[in-house]
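Note: the block below is query-v6.txt and it holds compact mmCIF, C-alpha atoms and all ligand atoms.
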# COMPACT_ATOMS: atom_id res chain seq x y z
CA MET A 1 128.15 143.32 37.25
CA LYS A 2 128.06 142.60 33.55
CA ARG A 3 124.77 141.42 32.09
CA ARG A 4 126.51 138.52 30.33
CA HIS A 5 127.82 137.30 33.67
CA VAL A 6 124.43 137.58 35.26
CA LEU A 7 122.74 135.57 32.55
CA THR A 8 125.42 132.89 32.64
CA ALA A 9 125.04 132.71 36.37
CA ALA A 10 121.28 132.44 36.20
CA ALA A 11 121.43 129.80 33.48
CA ALA A 12 123.79 127.70 35.57
CA LEU A 13 121.51 127.53 38.55
CA ALA A 14 120.25 124.04 38.97
CA THR A 15 118.20 124.75 42.02
CA GLY A 16 117.80 128.43 42.52
CA ALA A 17 117.49 131.86 41.13
CA SER A 18 115.09 133.14 38.53
CA THR A 19 116.56 135.51 35.97
CA ALA A 20 114.17 138.25 36.96
CA ALA A 21 115.23 137.94 40.56
CA VAL A 22 118.93 137.82 39.76
CA LEU A 23 118.65 140.80 37.46
CA ARG A 24 116.88 142.82 40.14
CA LYS A 25 118.63 146.07 40.90
CA PRO A 26 120.53 146.10 44.18
CA THR A 27 118.34 147.39 46.95
CA LYS A 28 119.50 150.27 49.06
CA LYS A 29 119.18 148.29 52.22
CA PRO A 30 120.52 144.75 51.70
CA GLN A 31 118.76 142.08 53.65
CA THR A 32 120.28 141.36 57.00
CA SER A 33 119.65 138.69 59.51
CA GLN A 34 117.51 139.93 62.34
CA SER A 35 120.69 139.96 64.32
CA THR A 36 120.31 143.40 65.76
CA ASP A 37 117.01 142.35 67.34
CA LEU A 38 118.78 139.45 69.00
CA ALA A 39 121.77 141.41 70.19
CA SER A 40 122.79 141.05 73.80
CA PRO A 41 124.28 143.78 76.00
CA ASN A 42 127.70 142.39 74.96
CA ILE A 43 127.32 143.98 71.58
CA GLY A 44 130.08 146.42 70.81
CA LYS A 45 132.57 144.70 73.12
CA ASN A 46 133.98 142.19 70.64
CA LEU A 47 131.65 142.79 67.73
CA LYS A 48 132.63 141.08 64.50
CA GLN A 49 130.69 141.90 61.36
CA PHE A 50 130.76 139.75 58.23
CA ARG A 51 129.20 139.85 54.79
CA LEU A 52 127.58 136.71 53.41
CA ALA A 53 126.87 136.66 49.65
CA THR A 54 124.36 134.07 48.44
CA SER A 55 123.46 132.58 45.05
CA TRP A 56 119.74 132.87 45.81
CA PRO A 57 117.03 135.45 45.29
CA LYS A 58 116.03 137.19 48.50
CA ASP A 59 113.92 134.91 50.70
CA PHE A 60 113.53 132.30 47.92
CA PRO A 61 111.57 129.41 49.55
CA GLY A 62 113.99 126.98 51.14
CA LEU A 63 117.29 128.03 49.56
CA GLY A 64 117.03 131.75 50.25
CA VAL A 65 116.12 131.38 53.91
CA MET A 66 118.87 128.87 54.82
CA PRO A 67 121.62 131.54 55.03
CA ASN A 68 119.29 133.78 57.09
CA ARG A 69 118.83 130.95 59.58
CA PHE A 70 122.58 130.37 59.70
CA ALA A 71 123.23 134.05 60.39
CA GLU A 72 120.57 134.26 63.10
CA TYR A 73 121.84 131.13 64.81
CA VAL A 74 125.44 132.41 64.90
CA ASN A 75 124.26 135.76 66.24
CA THR A 76 122.22 134.13 69.00
CA MET A 77 124.91 131.64 69.98
CA THR A 78 127.60 134.33 70.19
CA GLY A 79 125.39 136.56 72.32
CA GLY A 80 125.30 139.15 69.56
CA ASN A 81 129.09 139.29 69.13
CA ILE A 82 128.97 138.11 65.52
CA GLU A 83 126.72 139.92 63.10
CA ILE A 84 126.35 138.51 59.58
CA LYS A 85 124.70 140.54 56.84
CA VAL A 86 123.09 138.33 54.21
CA PHE A 87 123.13 139.57 50.61
CA ALA A 88 120.84 138.02 47.99
CA ALA A 89 122.14 137.25 44.49
CA GLY A 90 122.93 140.47 42.68
CA GLU A 91 123.03 142.65 45.79
CA LEU A 92 126.76 142.33 46.42
CA VAL A 93 127.87 140.13 43.50
CA GLY A 94 126.12 137.90 40.98
CA ALA A 95 124.75 134.46 41.81
CA THR A 96 127.82 132.49 40.75
CA GLU A 97 130.37 135.22 41.46
CA VAL A 98 130.18 134.54 45.19
CA PHE A 99 133.02 132.00 45.09
CA ASP A 100 135.53 134.47 43.62
CA ALA A 101 134.28 137.18 45.97
CA VAL A 102 135.01 135.01 49.02
CA SER A 103 138.27 133.69 47.57
CA THR A 104 139.61 137.23 47.13
CA GLY A 105 138.11 138.57 50.35
CA ALA A 106 135.59 140.88 48.64
CA ALA A 107 132.98 138.98 50.69
CA ASP A 108 133.60 137.04 53.92
CA MET A 109 131.45 134.01 53.14
CA TYR A 110 129.01 132.57 50.62
CA HIS A 111 125.96 130.31 50.70
CA SER A 112 125.67 128.38 47.46
CA ALA A 113 126.09 124.95 45.84
CA GLU A 114 129.57 123.57 45.14
CA TYR A 115 128.72 122.13 41.72
CA TYR A 116 128.62 125.67 40.39
CA TRP A 117 132.44 125.70 40.79
CA GLN A 118 133.08 122.73 38.50
CA GLY A 119 134.68 125.20 36.07
CA LYS A 120 137.35 125.79 38.76
CA ALA A 121 137.80 122.11 39.60
CA LYS A 122 135.69 119.11 38.60
CA GLY A 123 135.94 117.70 42.14
CA PHE A 124 133.54 120.33 43.50
CA SER A 125 130.53 118.54 41.95
CA PHE A 126 130.84 115.68 44.43
CA PHE A 127 130.11 118.00 47.36
CA THR A 128 126.62 118.94 46.07
CA ALA A 129 125.20 115.98 44.17
CA VAL A 130 126.10 113.68 41.29
CA PRO A 131 123.79 111.32 39.31
CA MET A 132 123.12 108.06 41.17
CA GLY A 133 125.01 109.58 44.09
CA PHE A 134 124.39 109.99 47.81
CA THR A 135 121.07 110.57 49.51
CA ALA A 136 121.11 113.42 52.06
CA ASN A 137 121.90 111.02 54.93
CA GLU A 138 124.63 109.24 52.99
CA MET A 139 126.25 112.60 52.18
CA VAL A 140 126.50 113.38 55.91
CA GLY A 141 128.09 109.95 56.46
CA TRP A 142 130.75 110.55 53.80
CA ILE A 143 131.50 114.14 54.81
CA LYS A 144 131.72 113.52 58.56
CA PHE A 145 133.06 109.97 58.74
CA GLY A 146 134.15 108.84 55.27
CA GLY A 147 136.92 111.36 54.65
CA GLY A 148 134.79 113.72 52.55
CA GLN A 149 135.39 116.87 54.63
CA GLU A 150 139.18 116.38 54.59
CA LEU A 151 139.22 116.07 50.78
CA TRP A 152 136.91 119.08 50.50
CA ASP A 153 139.15 121.14 52.83
CA LYS A 154 142.20 120.38 50.67
CA LEU A 155 140.36 121.38 47.50
CA SER A 156 138.82 124.58 48.92
CA ALA A 157 142.08 125.65 50.59
CA LYS A 158 143.61 126.02 47.12
CA PHE A 159 141.07 128.80 46.64
CA ASN A 160 141.55 130.33 50.11
CA ILE A 161 138.18 128.96 51.33
CA LYS A 162 136.91 126.75 54.17
CA ALA A 163 133.57 125.14 53.19
CA MET A 164 130.94 123.16 55.09
CA HIS A 165 127.47 121.90 54.31
CA ALA A 166 124.72 124.25 55.46
CA GLY A 167 121.48 122.98 53.94
CA ASN A 168 120.02 120.27 51.74
CA THR A 169 116.98 120.19 49.47
CA GLY A 170 116.50 116.46 50.07
CA HIS A 171 115.57 114.30 47.10
CA GLN A 172 114.68 116.24 43.96
CA MET A 173 112.12 115.07 41.41
CA GLY A 174 112.83 113.63 37.95
CA GLY A 175 110.83 116.33 36.22
CA TRP A 176 107.73 117.41 34.33
CA PHE A 177 107.05 115.94 30.86
CA LYS A 178 104.49 116.81 28.19
CA LYS A 179 104.20 113.17 27.21
CA GLU A 180 104.26 109.92 29.10
CA ILE A 181 107.61 108.13 29.29
CA ASN A 182 107.05 104.49 28.42
CA SER A 183 110.37 103.44 26.95
CA LEU A 184 113.88 104.56 26.03
CA GLU A 185 112.51 105.69 22.66
CA ASP A 186 110.67 108.52 24.42
CA PHE A 187 114.01 110.17 25.24
CA LYS A 188 115.02 110.37 21.58
CA GLY A 189 114.95 114.02 20.59
CA LEU A 190 113.44 115.04 23.94
CA LYS A 191 114.31 118.64 24.72
CA MET A 192 114.69 118.80 28.48
CA ARG A 193 115.81 121.57 30.78
CA MET A 194 118.50 119.88 32.86
CA PRO A 195 121.73 121.58 33.89
CA GLY A 196 125.14 120.13 34.72
CA ILE A 197 126.10 116.46 34.82
CA GLY A 198 122.45 115.34 34.67
CA GLY A 199 122.16 117.22 31.37
CA GLU A 200 125.03 115.18 29.94
CA VAL A 201 123.14 111.99 30.90
CA ILE A 202 120.01 113.24 29.08
CA ARG A 203 122.16 113.99 26.03
CA ARG A 204 123.57 110.45 26.03
CA MET A 205 120.02 109.10 26.35
CA GLY A 206 119.38 110.66 22.92
CA GLY A 207 117.77 113.85 24.14
CA ALA A 208 118.88 117.48 24.13
CA ALA A 209 119.77 119.11 27.43
CA VAL A 210 118.68 122.74 27.55
CA LYS A 211 120.07 125.22 30.07
CA LEU A 212 117.49 127.69 31.34
CA SER A 213 117.18 129.72 34.51
CA GLY A 214 114.14 129.15 36.69
CA GLY A 215 112.29 132.20 35.42
CA GLU A 216 112.64 131.10 31.80
CA ILE A 217 111.32 127.55 32.16
CA TYR A 218 107.56 128.09 32.11
CA GLN A 219 107.58 130.14 28.93
CA ALA A 220 109.87 127.61 27.23
CA LEU A 221 107.38 124.84 28.08
CA GLN A 222 104.52 126.96 26.82
CA SER A 223 106.17 127.85 23.49
CA GLY A 224 107.33 124.29 22.86
CA ALA A 225 111.02 125.26 23.08
CA ILE A 226 111.34 122.40 25.59
CA ASP A 227 109.32 119.20 26.12
CA ALA A 228 110.29 118.61 29.75
CA THR A 229 112.01 120.18 32.73
CA GLU A 230 113.45 119.35 36.10
CA TRP A 231 113.58 121.97 38.84
CA VAL A 232 113.58 120.96 42.52
CA GLY A 233 110.55 119.19 44.01
CA PRO A 234 106.80 119.70 44.52
CA TRP A 235 107.20 122.73 46.83
CA ASN A 236 109.39 124.79 44.49
CA ASP A 237 107.93 123.30 41.27
CA TYR A 238 104.31 124.07 42.17
CA ALA A 239 105.19 127.73 42.62
CA PHE A 240 106.15 127.89 38.93
CA GLY A 241 102.98 126.10 37.71
CA PHE A 242 104.75 123.56 35.45
CA TYR A 243 101.83 121.12 35.90
CA ARG A 244 99.72 123.26 33.56
CA GLU A 245 102.05 122.70 30.58
CA ALA A 246 103.69 119.36 31.30
CA PRO A 247 101.35 117.25 33.46
CA TYR A 248 103.38 114.01 33.60
CA TYR A 249 105.40 114.27 36.81
CA TYR A 250 108.18 111.74 37.25
CA GLY A 251 110.11 110.92 40.36
CA PRO A 252 112.53 110.42 41.88
CA GLY A 253 115.34 112.39 40.27
CA PHE A 254 118.46 110.43 39.38
CA HIS A 255 120.55 113.57 39.07
CA GLU A 256 120.15 115.25 42.47
CA PRO A 257 119.23 112.61 45.06
CA GLY A 258 119.98 114.98 47.96
CA ALA A 259 121.45 118.27 46.79
CA ALA A 260 123.66 119.69 49.55
CA LEU A 261 124.13 123.45 49.89
CA SER A 262 127.23 124.93 51.41
CA LEU A 263 128.75 127.77 53.38
CA GLY A 264 132.19 128.83 52.17
CA VAL A 265 134.24 131.08 54.46
CA ASN A 266 137.30 133.08 53.41
CA LEU A 267 140.20 131.15 54.96
CA SER A 268 141.73 134.21 56.64
CA VAL A 269 138.33 135.02 58.14
CA TRP A 270 137.95 131.40 59.28
CA ASN A 271 141.40 131.42 60.90
CA SER A 272 140.61 134.70 62.65
CA LEU A 273 137.71 133.08 64.52
CA THR A 274 138.24 131.71 68.02
CA VAL A 275 137.89 127.97 68.58
CA THR A 276 134.50 128.63 70.18
CA GLU A 277 133.36 130.74 67.23
CA GLN A 278 134.46 128.07 64.77
CA ALA A 279 132.49 125.50 66.77
CA ILE A 280 129.43 127.79 66.63
CA PHE A 281 129.82 128.16 62.85
CA LYS A 282 129.99 124.37 62.43
CA SER A 283 126.97 123.92 64.69
CA ALA A 284 125.01 126.61 62.81
CA CYS A 285 125.76 124.83 59.52
CA ARG A 286 124.50 121.51 60.90
CA HIS A 287 121.42 123.33 62.21
CA ALA A 288 120.75 124.78 58.73
CA ASN A 289 121.20 121.31 57.25
CA ASP A 290 118.72 119.64 59.63
CA VAL A 291 116.10 122.37 59.46
CA SER A 292 116.16 122.58 55.65
CA LEU A 293 115.69 118.83 55.30
CA GLY A 294 112.72 118.98 57.64
CA GLU A 295 111.28 121.98 55.84
CA TYR A 296 111.59 120.37 52.40
CA THR A 297 110.00 117.16 53.69
CA HIS A 298 107.07 119.05 55.20
CA GLU A 299 106.50 121.50 52.34
CA ASN A 300 107.03 118.95 49.53
CA ALA A 301 104.40 116.68 51.07
CA LYS A 302 101.92 119.57 51.36
CA ALA A 303 102.51 120.68 47.76
CA LEU A 304 102.24 117.11 46.46
CA LYS A 305 98.83 116.82 48.11
CA THR A 306 97.68 120.09 46.55
CA LEU A 307 98.93 119.02 43.11
CA ASN A 308 97.01 115.78 43.48
CA LYS A 309 93.76 117.01 45.03
CA GLU A 310 93.37 120.30 43.15
CA HIS A 311 95.10 119.55 39.84
CA GLY A 312 94.85 115.78 39.44
CA ILE A 313 98.62 115.25 39.24
CA ARG A 314 99.67 111.69 40.07
CA PRO A 315 103.44 111.28 40.24
CA ARG A 316 104.93 108.38 38.28
CA ILE A 317 108.20 106.49 38.28
CA PHE A 318 110.31 106.01 35.12
CA PRO A 319 110.01 102.46 33.68
CA LYS A 320 112.70 99.98 34.78
CA GLN A 321 114.46 99.95 31.38
CA VAL A 322 114.80 103.73 31.58
CA TRP A 323 116.25 103.56 35.09
CA ASP A 324 118.67 100.82 34.03
CA LYS A 325 119.98 102.89 31.13
CA ILE A 326 120.17 106.08 33.22
CA GLY A 327 122.13 104.10 35.82
CA ARG A 328 124.69 102.80 33.31
CA ILE A 329 125.18 106.15 31.61
CA SER A 330 125.37 108.05 34.92
CA GLU A 331 128.11 105.78 36.23
CA ASP A 332 130.15 106.34 33.03
CA VAL A 333 129.69 110.12 33.07
CA VAL A 334 130.56 110.48 36.76
CA ALA A 335 133.63 108.22 36.35
CA GLU A 336 134.82 110.36 33.41
CA ILE A 337 134.49 113.52 35.52
CA GLY A 338 136.19 111.72 38.41
CA GLY A 339 139.25 111.13 36.27
CA ALA A 340 139.72 114.80 35.39
CA ASP A 341 142.86 115.45 37.48
CA LYS A 342 144.77 113.99 40.42
CA GLN A 343 142.80 115.75 43.14
CA THR A 344 139.45 114.91 41.53
CA GLN A 345 140.60 111.30 41.21
CA ALA A 346 141.18 111.14 44.99
CA ILE A 347 137.72 112.65 45.63
CA TYR A 348 136.04 110.28 43.14
CA LYS A 349 137.81 107.23 44.66
CA SER A 350 136.62 108.18 48.15
CA TYR A 351 133.11 108.99 46.88
CA ILE A 352 132.63 105.76 44.93
CA GLU A 353 133.94 103.60 47.80
CA ALA A 354 131.54 105.29 50.22
CA ARG A 355 128.57 105.17 47.79
CA ASN A 356 129.14 101.48 47.07
CA SER A 357 129.44 100.73 50.76
CA TYR A 358 126.53 102.86 52.04
CA ARG A 359 124.08 101.73 49.40
CA HIS A 360 123.88 98.21 50.82
CA TRP A 361 122.85 99.56 54.20
CA THR A 362 120.42 102.15 52.75
CA GLU A 363 118.78 99.53 50.52
CA ILE A 364 118.02 97.14 53.41
CA SER A 365 117.04 99.96 55.81
CA ASP A 366 115.36 103.05 54.26
CA GLY A 367 114.79 101.39 50.89
CA ALA A 368 113.24 98.19 52.17
CA TYR A 369 111.26 99.93 54.90
CA ILE A 370 109.65 102.43 52.53
CA THR A 371 108.65 99.69 50.08
CA ALA A 372 107.31 97.49 52.89
CA ARG A 373 105.45 100.36 54.59
CA LYS A 374 103.76 101.30 51.33
CA ALA A 375 102.59 97.73 50.71
CA ALA A 376 101.46 97.18 54.30
CA LEU A 377 99.46 100.43 54.47
CA GLU A 378 97.86 99.88 51.06
CA ASN A 379 96.86 96.29 51.91
CA ARG A 380 95.24 97.01 55.27
CA CA B 401 117.39 120.62 40.25
In structure tokens, what does this structure look like?
Amino acid sequence: MKRRHVLTAAAALATGASTAAVLRKPTKKPQTSQSTDLASPNIGKNLKQFRLATSWPKDFPGLGVMPNRFAEYVNTMTGGNIEIKVFAAGELVGATEVFDAVSTGAADMYHSAEYYWQGKAKGFSFFTAVPMGFTANEMVGWIKFGGGQELWDKLSAKFNIKAMHAGNTGHQMGGWFKKEINSLEDFKGLKMRMPGIGGEVIRRMGGAAVKLSGGEIYQALQSGAIDATEWVGPWNDYAFGFYREAPYYYGPGFHEPGAALSLGVNLSVWNSLTVTEQAIFKSACRHANDVSLGEYTHENAKALKTLNKEHGIRPRIFPKQVWDKIGRISEDVVAEIGGADKQTQAIYKSYIEARNSYRHWTEISDGAYITARKAALENR
């Protein structure tokens, strides 16, 4: 793997790998699921072995363990008949080379985030997260019932891939800032680490979007190369210690309101599976989705408490005028991307109809409940 490719891959990661981890030399024994421990006496009869390449460092909290869970679940449910070896970023191919590897058959499947493939087709972004887009629950609604999976299947099939959601980080945070954000003026000249479509929004707010891999962020904050950064949420952010350099923590993130991760399977491999095996794969993906959401909820809450109690961090919300501007700009940027080509137009049309429909329900259910619960518990 060429170094240039590795660095590009690492820089593109919105949620995952640190450069150091991605650049790690391949280990002699790639990580596997613990499938052999779970094998039943059936093993050997109809044994199928697959290679799963991920975009994540080995065992990276949350992201890195989702594909392991998927592999273990499939192994258990097939009584040991399907064994999936999980390869961390850089072990088989680089972090963002997994798509091409699966497309050509060099790997059987990947675990990654679809917005990394926006260079292949703009429509892929909609299947991870877009600014002002779906929450994690709304994404499931669109994919399963709103026509999302069908549109995704058509897009992925062009690349010889069948993809499904297999994990979600839940809501990400708005980011860490060195200075308080009181008005739109505070975004003028602000150098913020923010990849992808969210970065374009920051640019149109008057700031400068900087692309950095996870491992590069802390030093950039320390040297003053950047004034702010987004990463994931309290759990993953605390691990990097951003609070020491940029203590103003803003939430929620407008750019990744429920980032969905995905499993992409080589289409020939997918078609070679029995109906039962395909059902097990789908079930294992849903399992990974549910468990990751629970894990992020649990771990984010724990980390938020630690940040507050031990480091005095009190999360804030951007002022209303900032949210209003972010909302207007985000809608423009996403609509521009949605008009890229005929297939993306169909995806955007379906997405925006679903988002505009679901939001009314989410606002009067989750949205209203959370606001009311906060007020009621604080006023006891
Ligand atoms: Ca992020």
Contacts with ligand CA 401 (chain B) at most 10 Å, all atoms listed in the file counted, listed as JSON, numbers by chain: {"A": [13, 14, 15, 16, 129, 169, 171, 172, 173, 174, 175, 193, 194, 195, 196, 198, 214, 229, 230, 231, 232, 233, 236, 237, 253, 255, 256, 257, 258, 259]}
Counting all atoms listed in the file, the option among A:Ile370, A:Ala107, A:Asn168, A:Thr54 closest to A:Gly294: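 Using all atoms listed in the file, the shortest distance to A:Gly294 belongs to A:Asn168.
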Among listed residues A:Ala166, A:Ala246, A:Ile337, A:Val201, nearest A:Glu180 (using all atoms listed in the file):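 The answer is A:Ala246, which sits nearest to A:Glu180.
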Spatial neighbours of A:Tyr351, 12 Å, all atoms listed in the file, chain gap at least 2 places, as a PyMOL selection string: chain A and resi 123-130+132-134+138-139+141-143+145-149+151-152+334-335+338+344-349+353-359
Counting all atoms listed in the file, the residue of A:Leu267, A:Ala71, A:Val140, A:Ala113 that sits nearest A:Lys154: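 Nearest candidate to A:Lys154 out of A:Leu267, A:Ala71, A:Val140, A:Ala113: A:Leu267.
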Non-local contacts of A:Leu304 (12 Å; all atoms listed in the file; under 6 positions in same chain excluded) as a list of chain:residue names: A:Met173, A:Gly233, A:Pro234, A:Trp235, A:Asn236, A:Asp237, A:Tyr238, A:Ala239, A:Tyr243, A:Tyr249, A:Gly251, A:Tyr296, A:Thr297, A:His298, A:Glu310, A:His311, A:Gly312, A:Ile313, A:Arg314, A:Pro315
Among listed residues A:Lys144, A:Tyr248, A:Phe254, A:Ala228, nearest A:Asp324 (using all atoms listed in the file):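 Ranking A:Lys144, A:Tyr248, A:Phe254, A:Ala228 by distance to A:Asp324, first place goes to A:Phe254.
With only C-alpha atoms as the basis for measurement, A:Glu200 is the residue among A:Glu200, A:Ile82, A:Phe60, A:Gly170 that approaches A:Glu336 most closely.
In this model, the gap between atom CA of A:Asn81 and atom CA of A:Phe50 comes to 11.0 Å.
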